[in-house]
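Pasting structure_38.pdb here (PDB, C-alpha atoms, pLDDT in the B column):
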ATOM      1  CA  HIS A   1      99.576 106.042 125.615  1.00 53.00           C
ATOM      2  CA  GLY A   2      97.345 106.839 128.569  1.00 51.00           C
ATOM      3  CA  PRO A   3      97.551 105.260 131.980  1.00 49.00           C
ATOM      4  CA  GLU A   4      96.425 101.668 132.372  1.00 49.00           C
ATOM      5  CA  PRO A   5      92.633 101.330 132.633  1.00 45.00           C
ATOM      6  CA  GLY A   6      91.600 100.902 136.241  1.00 47.00           C
ATOM      7  CA  ALA A   7      94.558 102.845 137.634  1.00 51.00           C
ATOM      8  CA  THR A   8      93.881 105.243 140.512  1.00 54.00           C
ATOM      9  CA  VAL A   9      93.503 108.760 139.160  1.00 58.00           C
ATOM     10  CA  THR A  10      93.387 111.855 141.382  1.00 71.00           C
ATOM     11  CA  PRO A  11      91.038 114.802 140.627  1.00 76.00           C
ATOM     12  CA  GLY A  12      94.002 116.804 139.295  1.00 77.00           C
ATOM     13  CA  GLN A  13      95.085 113.936 137.072  1.00 74.00           C
ATOM     14  CA  ARG A  14      91.509 113.492 135.880  1.00 79.00           C
ATOM     15  CA  ARG A  15      91.295 117.157 134.818  1.00 86.00           C
ATOM     16  CA  ALA A  16      94.637 116.866 133.029  1.00 83.00           C
ATOM     17  CA  LEU A  17      93.475 113.694 131.261  1.00 82.00           C
ATOM     18  CA  TRP A  18      90.244 115.402 130.166  1.00 89.00           C
ATOM     19  CA  ALA A  19      92.232 118.321 128.745  1.00 91.00           C
ATOM     20  CA  ALA A  20      94.578 115.942 126.918  1.00 88.00           C
ATOM     21  CA  LEU A  21      91.604 113.931 125.647  1.00 91.00           C
ATOM     22  CA  ILE A  22      89.913 117.016 124.180  1.00 94.00           C
ATOM     23  CA  ILE A  23      93.141 118.248 122.545  1.00 94.00           C
ATOM     24  CA  ASN A  24      93.927 114.839 121.012  1.00 92.00           C
ATOM     25  CA  ALA A  25      90.357 114.282 119.790  1.00 93.00           C
ATOM     26  CA  ALA A  26      90.314 117.731 118.173  1.00 95.00           C
ATOM     27  CA  MET A  27      93.650 117.095 116.447  1.00 93.00           C
ATOM     28  CA  PHE A  28      92.481 113.679 115.247  1.00 93.00           C
ATOM     29  CA  VAL A  29      89.576 115.346 113.424  1.00 94.00           C
ATOM     30  CA  THR A  30      91.785 118.222 112.192  1.00 95.00           C
ATOM     31  CA  GLU A  31      94.558 116.015 110.798  1.00 93.00           C
ATOM     32  CA  MET A  32      92.203 113.427 109.313  1.00 92.00           C
ATOM     33  CA  ALA A  33      90.166 116.114 107.537  1.00 94.00           C
ATOM     34  CA  GLY A  34      93.253 118.106 106.554  1.00 93.00           C
ATOM     35  CA  GLY A  35      94.983 115.007 105.231  1.00 91.00           C
ATOM     36  CA  ALA A  36      91.956 114.134 103.103  1.00 90.00           C
ATOM     37  CA  LEU A  37      91.714 117.723 101.846  1.00 91.00           C
ATOM     38  CA  VAL A  38      95.351 118.060 100.714  1.00 90.00           C
ATOM     39  CA  GLY A  39      95.969 114.376  99.916  1.00 89.00           C
ATOM     40  CA  SER A  40      98.518 113.757 102.695  1.00 91.00           C
ATOM     41  CA  VAL A  41      98.882 110.213 104.010  1.00 90.00           C
ATOM     42  CA  GLY A  42     101.379 111.456 106.594  1.00 90.00           C
ATOM     43  CA  LEU A  43      98.768 113.714 108.202  1.00 91.00           C
ATOM     44  CA  GLN A  44      96.170 110.951 108.198  1.00 88.00           C
ATOM     45  CA  ALA A  45      98.629 108.476 109.714  1.00 85.00           C
ATOM     46  CA  ASP A  46      99.543 110.993 112.409  1.00 87.00           C
ATOM     47  CA  ALA A  47      95.809 111.480 113.028  1.00 88.00           C
ATOM     48  CA  VAL A  48      95.601 107.773 113.879  1.00 81.00           C
ATOM     49  CA  ASP A  49      98.209 108.357 116.585  1.00 80.00           C
ATOM     50  CA  PHE A  50      96.078 111.172 118.019  1.00 87.00           C
ATOM     51  CA  PHE A  51      93.101 108.804 117.960  1.00 84.00           C
ATOM     52  CA  GLY A  52      95.065 106.200 119.907  1.00 78.00           C
ATOM     53  CA  ASP A  53      96.079 108.751 122.533  1.00 81.00           C
ATOM     54  CA  ALA A  54      92.540 110.149 122.844  1.00 85.00           C
ATOM     55  CA  ALA A  55      91.155 106.625 123.210  1.00 78.00           C
ATOM     56  CA  ASN A  56      93.672 105.859 125.958  1.00 74.00           C
ATOM     57  CA  TYR A  57      92.808 109.024 127.876  1.00 77.00           C
ATOM     58  CA  GLY A  58      89.121 108.224 127.471  1.00 79.00           C
ATOM     59  CA  LEU A  59      89.674 104.681 128.724  1.00 73.00           C
ATOM     60  CA  SER A  60      91.584 105.964 131.727  1.00 68.00           C
ATOM     61  CA  ILE A  61      88.645 108.197 132.666  1.00 73.00           C
ATOM     62  CA  ALA A  62      85.709 105.989 131.653  1.00 71.00           C
ATOM     63  CA  VAL A  63      86.575 102.575 133.065  1.00 62.00           C
ATOM     64  CA  LEU A  64      87.691 103.624 136.549  1.00 56.00           C
ATOM     65  CA  GLY A  65      86.048 101.279 139.029  1.00 53.00           C
ATOM     66  CA  MET A  66      84.659  98.987 136.334  1.00 60.00           C
ATOM     67  CA  ALA A  67      85.202  95.244 136.435  1.00 60.00           C
ATOM     68  CA  THR A  68      88.306  93.993 134.627  1.00 63.00           C
ATOM     69  CA  VAL A  69      86.187  92.240 132.016  1.00 66.00           C
ATOM     70  CA  TRP A  70      84.689  95.588 130.931  1.00 68.00           C
ATOM     71  CA  GLN A  71      88.110  97.237 130.934  1.00 65.00           C
ATOM     72  CA  THR A  72      89.449  94.573 128.590  1.00 73.00           C
ATOM     73  CA  ARG A  73      86.386  94.729 126.329  1.00 73.00           C
ATOM     74  CA  VAL A  74      86.751  98.473 125.855  1.00 71.00           C
ATOM     75  CA  ALA A  75      90.514  98.116 125.320  1.00 72.00           C
ATOM     76  CA  PHE A  76      89.837  95.380 122.745  1.00 79.00           C
ATOM     77  CA  LEU A  77      87.525  97.691 120.781  1.00 77.00           C
ATOM     78  CA  LYS A  78      90.150 100.425 120.898  1.00 74.00           C
ATOM     79  CA  GLY A  79      92.799  98.011 119.588  1.00 78.00           C
ATOM     80  CA  LEU A  80      90.530  96.968 116.723  1.00 82.00           C
ATOM     81  CA  ALA A  81      89.894 100.619 115.828  1.00 77.00           C
ATOM     82  CA  MET A  82      93.629 101.417 115.811  1.00 75.00           C
ATOM     83  CA  LEU A  83      94.355  98.354 113.697  1.00 82.00           C
ATOM     84  CA  GLY A  84      91.573  99.261 111.298  1.00 82.00           C
ATOM     85  CA  PHE A  85      92.827 102.831 110.907  1.00 78.00           C
ATOM     86  CA  GLY A  86      96.365 101.550 110.324  1.00 79.00           C
ATOM     87  CA  ILE A  87      95.212  99.191 107.575  1.00 85.00           C
ATOM     88  CA  TRP A  88      93.160 102.018 106.052  1.00 83.00           C
ATOM     89  CA  VAL A  89      96.295 104.202 105.973  1.00 82.00           C
ATOM     90  CA  ALA A  90      98.171 101.380 104.201  1.00 85.00           C
ATOM     91  CA  ALA A  91      95.430 101.164 101.560  1.00 88.00           C
ATOM     92  CA  ASN A  92      95.552 104.940 101.203  1.00 86.00           C
ATOM     93  CA  ILE A  93      99.302 104.796 100.563  1.00 88.00           C
ATOM     94  CA  VAL A  94      98.759 102.368  97.683  1.00 90.00           C
ATOM     95  CA  HIS A  95      95.978 104.561  96.285  1.00 88.00           C
ATOM     96  CA  HIS A  96      98.041 107.774  96.375  1.00 89.00           C
ATOM     97  CA  LEU A  97     101.127 105.996  95.038  1.00 89.00           C
ATOM     98  CA  LEU A  98      99.199 104.739  92.012  1.00 90.00           C
ATOM     99  CA  ALA A  99      97.470 108.094  91.549  1.00 89.00           C
ATOM    100  CA  GLY A 100     100.730 110.036  91.838  1.00 88.00           C
ATOM    101  CA  THR A 101      99.192 112.417  94.381  1.00 88.00           C
ATOM    102  CA  VAL A 102     101.323 115.403  95.423  1.00 91.00           C
ATOM    103  CA  PRO A 103     100.057 116.929  98.699  1.00 92.00           C
ATOM    104  CA  ASP A 104      99.814 120.659  99.285  1.00 92.00           C
ATOM    105  CA  ALA A 105     103.114 121.056 101.132  1.00 93.00           C
ATOM    106  CA  PRO A 106     102.460 124.426 102.880  1.00 93.00           C
ATOM    107  CA  VAL A 107      99.091 123.296 104.262  1.00 93.00           C
ATOM    108  CA  MET A 108     100.514 119.904 105.201  1.00 92.00           C
ATOM    109  CA  GLY A 109     103.413 121.495 107.071  1.00 93.00           C
ATOM    110  CA  SER A 110     101.148 124.022 108.799  1.00 94.00           C
ATOM    111  CA  ILE A 111      98.807 121.333 110.127  1.00 94.00           C
ATOM    112  CA  ALA A 112     101.770 119.225 111.270  1.00 92.00           C
ATOM    113  CA  PHE A 113     103.149 122.269 113.107  1.00 93.00           C
ATOM    114  CA  LEU A 114      99.757 122.779 114.782  1.00 94.00           C
ATOM    115  CA  ALA A 115      99.810 119.102 115.779  1.00 93.00           C
ATOM    116  CA  MET A 116     103.239 119.546 117.332  1.00 91.00           C
ATOM    117  CA  LEU A 117     101.960 122.528 119.344  1.00 92.00           C
ATOM    118  CA  ALA A 118      99.045 120.373 120.518  1.00 92.00           C
ATOM    119  CA  ASN A 119     101.417 117.654 121.715  1.00 88.00           C
ATOM    120  CA  ILE A 120     103.597 120.243 123.453  1.00 86.00           C
ATOM    121  CA  ALA A 121     100.490 121.621 125.172  1.00 89.00           C
ATOM    122  CA  CYS A 122      99.583 118.112 126.365  1.00 86.00           C
ATOM    123  CA  ALA A 123     103.131 117.556 127.602  1.00 82.00           C
ATOM    124  CA  LEU A 124     103.005 120.811 129.573  1.00 84.00           C
ATOM    125  CA  ILE A 125      99.605 119.913 131.057  1.00 84.00           C
ATOM    126  CA  LEU A 126     100.849 116.482 132.126  1.00 76.00           C
ATOM    127  CA  PHE A 127     104.363 117.601 133.144  1.00 76.00           C
ATOM    128  CA  ARG A 128     103.634 118.128 136.841  1.00 75.00           C
ATOM    129  CA  PHE A 129     102.115 114.635 137.132  1.00 69.00           C
ATOM    130  CA  ARG A 130     105.045 112.822 135.519  1.00 62.00           C
ATOM    131  CA  GLY A 131     106.593 111.762 138.848  1.00 60.00           C
ATOM    132  CA  GLN A 132     103.401 110.748 140.662  1.00 54.00           C
ATOM    133  CA  ASP A 133     103.270 107.183 139.364  1.00 50.00           C
ATOM    134  CA  ALA A 134     104.503 105.015 136.500  1.00 49.00           C
ATOM    135  CA  ASN A 135     101.269 105.442 134.537  1.00 51.00           C
ATOM    136  CA  MET A 136     101.360 109.232 134.496  1.00 54.00           C
ATOM    137  CA  ALA A 137     105.096 109.164 133.746  1.00 54.00           C
ATOM    138  CA  SER A 138     104.322 106.965 130.734  1.00 54.00           C
ATOM    139  CA  VAL A 139     101.616 109.385 129.574  1.00 60.00           C
ATOM    140  CA  TRP A 140     103.976 112.346 129.726  1.00 60.00           C
ATOM    141  CA  ILE A 141     106.878 110.546 128.010  1.00 59.00           C
ATOM    142  CA  CYS A 142     104.672 109.193 125.197  1.00 64.00           C
ATOM    143  CA  THR A 143     103.063 112.598 124.643  1.00 68.00           C
ATOM    144  CA  ARG A 144     106.496 114.190 124.472  1.00 65.00           C
ATOM    145  CA  ASN A 145     107.693 111.541 122.023  1.00 64.00           C
ATOM    146  CA  ASP A 146     104.611 111.984 119.825  1.00 77.00           C
ATOM    147  CA  ALA A 147     106.000 115.365 118.813  1.00 77.00           C
ATOM    148  CA  ILE A 148     108.673 113.428 116.891  1.00 78.00           C
ATOM    149  CA  SER A 149     105.986 112.157 114.505  1.00 81.00           C
ATOM    150  CA  ASN A 150     104.821 115.739 113.962  1.00 86.00           C
ATOM    151  CA  VAL A 151     108.370 116.815 113.139  1.00 88.00           C
ATOM    152  CA  ALA A 152     108.643 113.876 110.719  1.00 88.00           C
ATOM    153  CA  VAL A 153     105.506 115.052 108.898  1.00 90.00           C
ATOM    154  CA  MET A 154     106.912 118.593 108.694  1.00 92.00           C
ATOM    155  CA  ILE A 155     110.131 117.194 107.229  1.00 92.00           C
ATOM    156  CA  ALA A 156     108.036 115.203 104.748  1.00 93.00           C
ATOM    157  CA  ALA A 157     106.198 118.412 103.803  1.00 93.00           C
ATOM    158  CA  SER A 158     109.566 120.040 103.107  1.00 93.00           C
ATOM    159  CA  GLY A 159     110.525 117.036 100.996  1.00 93.00           C
ATOM    160  CA  VAL A 160     107.287 117.270  99.032  1.00 93.00           C
ATOM    161  CA  TRP A 161     107.876 120.990  98.448  1.00 94.00           C
ATOM    162  CA  MET A 162     111.505 120.495  97.293  1.00 94.00           C
ATOM    163  CA  THR A 163     110.890 117.457  95.072  1.00 93.00           C
ATOM    164  CA  SER A 164     107.322 118.180  93.871  1.00 91.00           C
ATOM    165  CA  SER A 165     106.694 114.511  94.664  1.00 92.00           C
ATOM    166  CA  GLY A 166     104.407 112.760  97.103  1.00 92.00           C
ATOM    167  CA  ILE A 167     106.994 110.063  97.927  1.00 93.00           C
ATOM    168  CA  PRO A 168     108.318 111.745 101.131  1.00 93.00           C
ATOM    169  CA  ASP A 169     104.746 111.934 102.427  1.00 93.00           C
ATOM    170  CA  LEU A 170     104.104 108.278 101.593  1.00 92.00           C
ATOM    171  CA  ILE A 171     107.302 107.171 103.343  1.00 92.00           C
ATOM    172  CA  VAL A 172     106.529 109.044 106.558  1.00 90.00           C
ATOM    173  CA  GLY A 173     102.863 108.016 106.396  1.00 88.00           C
ATOM    174  CA  GLY A 174     103.933 104.393 105.997  1.00 87.00           C
ATOM    175  CA  LEU A 175     106.238 104.528 109.010  1.00 86.00           C
ATOM    176  CA  ILE A 176     103.645 106.170 111.268  1.00 81.00           C
ATOM    177  CA  GLY A 177     100.909 103.854 109.953  1.00 79.00           C
ATOM    178  CA  ALA A 178     103.072 100.801 110.694  1.00 82.00           C
ATOM    179  CA  LEU A 179     103.468 102.018 114.277  1.00 77.00           C
ATOM    180  CA  ALA A 180      99.667 102.368 114.523  1.00 74.00           C
ATOM    181  CA  VAL A 181      99.182  98.778 113.337  1.00 80.00           C
ATOM    182  CA  GLN A 182     101.829  97.573 115.781  1.00 79.00           C
ATOM    183  CA  GLY A 183     100.188  99.535 118.590  1.00 74.00           C
ATOM    184  CA  GLY A 184      96.759  98.117 117.756  1.00 76.00           C
ATOM    185  CA  LEU A 185      98.112  94.560 117.794  1.00 83.00           C
ATOM    186  CA  GLN A 186      99.842  95.168 121.121  1.00 79.00           C
ATOM    187  CA  VAL A 187      96.607  96.481 122.649  1.00 74.00           C
ATOM    188  CA  LEU A 188      94.671  93.447 121.376  1.00 81.00           C
ATOM    189  CA  LEU A 189      97.268  91.032 122.751  1.00 83.00           C
ATOM    190  CA  MET A 190      97.401  92.842 126.091  1.00 77.00           C
ATOM    191  CA  ALA A 191      93.594  92.940 126.379  1.00 74.00           C
ATOM    192  CA  GLY A 192      93.389  89.227 125.632  1.00 79.00           C
ATOM    193  CA  ARG A 193      96.086  88.432 128.176  1.00 79.00           C
ATOM    194  CA  GLU A 194      94.405  90.524 130.879  1.00 72.00           C
ATOM    195  CA  ARG A 195      91.074  88.852 130.202  1.00 74.00           C
ATOM    196  CA  ARG A 196      92.641  85.402 130.507  1.00 78.00           C
ATOM    197  CA  ASP A 197      94.392  86.418 133.731  1.00 74.00           C
ATOM    198  CA  ALA A 198      91.120  87.761 135.163  1.00 70.00           C
ATOM    199  CA  LYS A 199      89.303  84.534 134.309  1.00 72.00           C
ATOM    200  CA  ALA A 200      92.117  82.465 135.838  1.00 72.00           C
ATOM    201  CA  ALA A 201      92.007  84.542 139.015  1.00 69.00           C
ATOM    202  CA  GLU A 202      88.220  84.133 139.208  1.00 65.00           C
ATOM    203  CA  SER A 203      88.561  80.378 138.754  1.00 69.00           C
ATOM    204  CA  ASP A 204      91.152  80.231 141.553  1.00 65.00           C
ATOM    205  CA  VAL A 205      88.816  82.132 143.874  1.00 64.00           C
ATOM    206  CA  LEU A 206      85.900  79.807 143.080  1.00 64.00           C
ATOM    207  CA  ALA A 207      88.101  76.742 143.509  1.00 67.00           C
ATOM    208  CA  GLY A 208      89.193  77.972 146.930  1.00 64.00           C
ATOM    209  CA  GLU A 209      85.623  78.460 148.247  1.00 57.00           C
ATOM    210  CA  PRO A 210      84.429  75.738 150.632  1.00 53.00           C
ATOM    211  CA  ALA A 211      81.690  73.481 149.308  1.00 47.00           C
ATOM    212  CA  SER A 212      78.157  74.187 150.560  1.00 47.00           C
ATOM    213  CA  GLY A 213      77.373  72.316 153.755  1.00 50.00           C
ATOM    214  CA  ASP A 214      81.015  71.698 154.721  1.00 53.00           C
ATOM    215  CA  ASP A 215      82.044  72.341 158.317  1.00 48.00           C
TER     216      ASP A 215
END
Encoded form using structure tokens:
Amino acid sequence: HGPEPGATVTPGQRRALWAALIINAAMFVTEMAGGALVGSVGLQADAVDFFGDAANYGLSIAVLGMATVWQTRVAFLKGLAMLGFGIWVAANIVHHLLAGTVPDAPVMGSIAFLAMLANIACALILFRFRGQDANMASVWICTRNDAISNVAVMIAASGVWMTSSGIPDLIVGGLIGALAVQGGLQVLLMAGRERRDAKAAESDVLAGEPASGDD
């Protein structure tokens, strides 16, 4: 959900993006490890969302000034990673469903609450940049909306606690995982389209150059 690779980023925006990158990367590790520890697919699926955000912030910082072909290559790798994580979450859902896993609801809810605080912190960091351009506005809106996923995981934790069943966790994990797969596919399609557009533009430029030796 970061700004488009190659967009102009001011020093203040760059610092905000670095802060958001660090927060999202830390929460990706926290939720992925916590989800594995307590058997929560919802936490692991939400971790994938943090990974996607961290990758976007990293792209926004790393590929500034790079040629479009490198921007699209990095974006393509990020899309593959998101898609791979999403498929892994789907396989995990099947595994936990067959195993009848019941996550530790208090720990699951606590980590989801921490994740929500992390997203709120990112939203506050990015808030003052929301009106500077469309890219930064998108970053702020998406970060704010990510908190909804955290709330969904907390609700799932409550459902697990009340029913002593892992089904609420699997449902929420499935929904968030499906969004990760969709996001990964969208990134792959967008990267492919941008690469084709860049090649077409390069071909047009070459076609418009006068032949050697012409007057």
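Using the PyMOL selection byres ((chain A and resi 181) around 9) on the file at hand returns these residues: Gly79, Met82, Leu83, Gly84, Phe85, Gly86, Ile87, Ile176, Gly177, Ala178, Leu179, Ala180, Gln182, Gly183, Gly184, Leu185 and Gln186 of chain A.
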**OP:** Find the spatial neighbours of range 153-157 of chain A, counting all atoms listed in the file, within a cut-off of 9 Å - ignore same-chain residues fewer than 5 positions away - and output them as a list of chain:residue names.
**Re:** A:Gly42, A:Leu43, A:Asp46, A:Pro103, A:Asp104, A:Ala105, A:Pro106, A:Val107, A:Met108, A:Gly109, A:Ser110, A:Ile111, A:Ala112, A:Phe113, A:Ile148, A:Met162, A:Gly166, A:Ile167, A:Pro168, A:Asp169, A:Leu170, A:Ile171, A:Val172, A:Gly173
If I wrap all listed atoms of range 10-25 of chain A in a box with edges along x, y and z and add 6 Å on each side, what are its centre and edge lengths in Å to one decimal, as lines of an AutoDock Vina configuration file?
center_x = 92.5
center_y = 115.1
center_z = 130.6
size_x = 17.2
size_y = 18.5
size_z = 33.6
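Shortest atom-to-atom contact with Ala99 in chain A among A:Arg195, A:Gly39, A:Ala118, A:Gly34: A:Gly39, counting only C-alpha atoms.
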Kindly reconstruct range 167-178 of chain A with all heavy atoms and present the result as a PDB file, in the coordinates of the input.
ATOM      1  N   ILE A 167     106.278 111.191  97.317  1.00 93.00           N
ATOM      2  CA  ILE A 167     106.994 110.063  97.927  1.00 93.00           C
ATOM      3  C   ILE A 167     107.405 110.328  99.384  1.00 93.00           C
ATOM      4  O   ILE A 167     107.236 109.453 100.243  1.00 93.00           O
ATOM      5  CB  ILE A 167     108.228 109.685  97.080  1.00 93.00           C
ATOM      6  CG1 ILE A 167     107.779 109.215  95.689  1.00 93.00           C
ATOM      7  CG2 ILE A 167     109.038 108.590  97.775  1.00 93.00           C
ATOM      8  CD1 ILE A 167     106.880 108.001  95.702  1.00 93.00           C
ATOM      9  N   PRO A 168     107.970 111.506  99.724  1.00 93.00           N
ATOM     10  CA  PRO A 168     108.318 111.745 101.131  1.00 93.00           C
ATOM     11  C   PRO A 168     107.118 111.598 102.065  1.00 93.00           C
ATOM     12  O   PRO A 168     107.244 111.063 103.172  1.00 93.00           O
ATOM     13  CB  PRO A 168     108.844 113.188 101.125  1.00 93.00           C
ATOM     14  CG  PRO A 168     109.353 113.391  99.739  1.00 93.00           C
ATOM     15  CD  PRO A 168     108.395 112.646  98.865  1.00 93.00           C
ATOM     16  N   ASP A 169     105.964 112.057 101.618  1.00 93.00           N
ATOM     17  CA  ASP A 169     104.746 111.934 102.427  1.00 93.00           C
ATOM     18  C   ASP A 169     104.356 110.472 102.590  1.00 93.00           C
ATOM     19  O   ASP A 169     103.963 110.046 103.683  1.00 93.00           O
ATOM     20  CB  ASP A 169     103.614 112.718 101.750  1.00 93.00           C
ATOM     21  CG  ASP A 169     102.287 112.547 102.460  1.00 93.00           C
ATOM     22  OD1 ASP A 169     102.208 112.872 103.660  1.00 93.00           O
ATOM     23  OD2 ASP A 169     101.322 112.086 101.818  1.00 93.00           O
ATOM     24  N   LEU A 170     104.463 109.692 101.530  1.00 92.00           N
ATOM     25  CA  LEU A 170     104.104 108.278 101.593  1.00 92.00           C
ATOM     26  C   LEU A 170     105.042 107.508 102.516  1.00 92.00           C
ATOM     27  O   LEU A 170     104.605 106.613 103.259  1.00 92.00           O
ATOM     28  CB  LEU A 170     104.123 107.659 100.190  1.00 92.00           C
ATOM     29  CG  LEU A 170     103.135 108.236  99.181  1.00 92.00           C
ATOM     30  CD1 LEU A 170     103.274 107.523  97.835  1.00 92.00           C
ATOM     31  CD2 LEU A 170     101.705 108.116  99.693  1.00 92.00           C
ATOM     32  N   ILE A 171     106.333 107.864 102.484  1.00 92.00           N
ATOM     33  CA  ILE A 171     107.302 107.171 103.343  1.00 92.00           C
ATOM     34  C   ILE A 171     106.996 107.432 104.812  1.00 92.00           C
ATOM     35  O   ILE A 171     106.916 106.491 105.627  1.00 92.00           O
ATOM     36  CB  ILE A 171     108.741 107.625 103.009  1.00 92.00           C
ATOM     37  CG1 ILE A 171     109.139 107.127 101.613  1.00 92.00           C
ATOM     38  CG2 ILE A 171     109.728 107.104 104.057  1.00 92.00           C
ATOM     39  CD1 ILE A 171     110.478 107.654 101.129  1.00 92.00           C
ATOM     40  N   VAL A 172     106.819 108.701 105.163  1.00 90.00           N
ATOM     41  CA  VAL A 172     106.529 109.044 106.558  1.00 90.00           C
ATOM     42  C   VAL A 172     105.172 108.476 106.975  1.00 90.00           C
ATOM     43  O   VAL A 172     105.031 107.935 108.079  1.00 90.00           O
ATOM     44  CB  VAL A 172     106.563 110.570 106.760  1.00 90.00           C
ATOM     45  CG1 VAL A 172     106.025 110.958 108.131  1.00 90.00           C
ATOM     46  CG2 VAL A 172     107.981 111.083 106.600  1.00 90.00           C
ATOM     47  N   GLY A 173     104.178 108.581 106.095  1.00 88.00           N
ATOM     48  CA  GLY A 173     102.863 108.016 106.396  1.00 88.00           C
ATOM     49  C   GLY A 173     102.941 106.519 106.628  1.00 88.00           C
ATOM     50  O   GLY A 173     102.275 105.983 107.521  1.00 88.00           O
ATOM     51  N   GLY A 174     103.765 105.831 105.830  1.00 87.00           N
ATOM     52  CA  GLY A 174     103.933 104.393 105.997  1.00 87.00           C
ATOM     53  C   GLY A 174     104.567 104.033 107.330  1.00 87.00           C
ATOM     54  O   GLY A 174     104.138 103.083 108.000  1.00 87.00           O
ATOM     55  N   LEU A 175     105.563 104.799 107.736  1.00 86.00           N
ATOM     56  CA  LEU A 175     106.238 104.528 109.010  1.00 86.00           C
ATOM     57  C   LEU A 175     105.291 104.745 110.194  1.00 86.00           C
ATOM     58  O   LEU A 175     105.204 103.913 111.101  1.00 86.00           O
ATOM     59  CB  LEU A 175     107.471 105.428 109.154  1.00 86.00           C
ATOM     60  CG  LEU A 175     108.629 105.142 108.195  1.00 86.00           C
ATOM     61  CD1 LEU A 175     109.726 106.198 108.348  1.00 86.00           C
ATOM     62  CD2 LEU A 175     109.207 103.748 108.469  1.00 86.00           C
ATOM     63  N   ILE A 176     104.572 105.874 110.168  1.00 81.00           N
ATOM     64  CA  ILE A 176     103.645 106.170 111.268  1.00 81.00           C
ATOM     65  C   ILE A 176     102.482 105.175 111.260  1.00 81.00           C
ATOM     66  O   ILE A 176     102.033 104.707 112.312  1.00 81.00           O
ATOM     67  CB  ILE A 176     103.121 107.619 111.174  1.00 81.00           C
ATOM     68  CG1 ILE A 176     104.284 108.619 111.249  1.00 81.00           C
ATOM     69  CG2 ILE A 176     102.118 107.900 112.289  1.00 81.00           C
ATOM     70  CD1 ILE A 176     103.871 110.063 111.036  1.00 81.00           C
ATOM     71  N   GLY A 177     101.988 104.828 110.059  1.00 79.00           N
ATOM     72  CA  GLY A 177     100.909 103.854 109.953  1.00 79.00           C
ATOM     73  C   GLY A 177     101.322 102.483 110.470  1.00 79.00           C
ATOM     74  O   GLY A 177     100.535 101.790 111.123  1.00 79.00           O
ATOM     75  N   ALA A 178     102.569 102.088 110.198  1.00 82.00           N
ATOM     76  CA  ALA A 178     103.072 100.801 110.694  1.00 82.00           C
ATOM     77  C   ALA A 178     103.099 100.786 112.218  1.00 82.00           C
ATOM     78  O   ALA A 178     102.778  99.773 112.854  1.00 82.00           O
ATOM     79  CB  ALA A 178     104.473 100.540 110.142  1.00 82.00           C
TER      80      ALA A 178
END
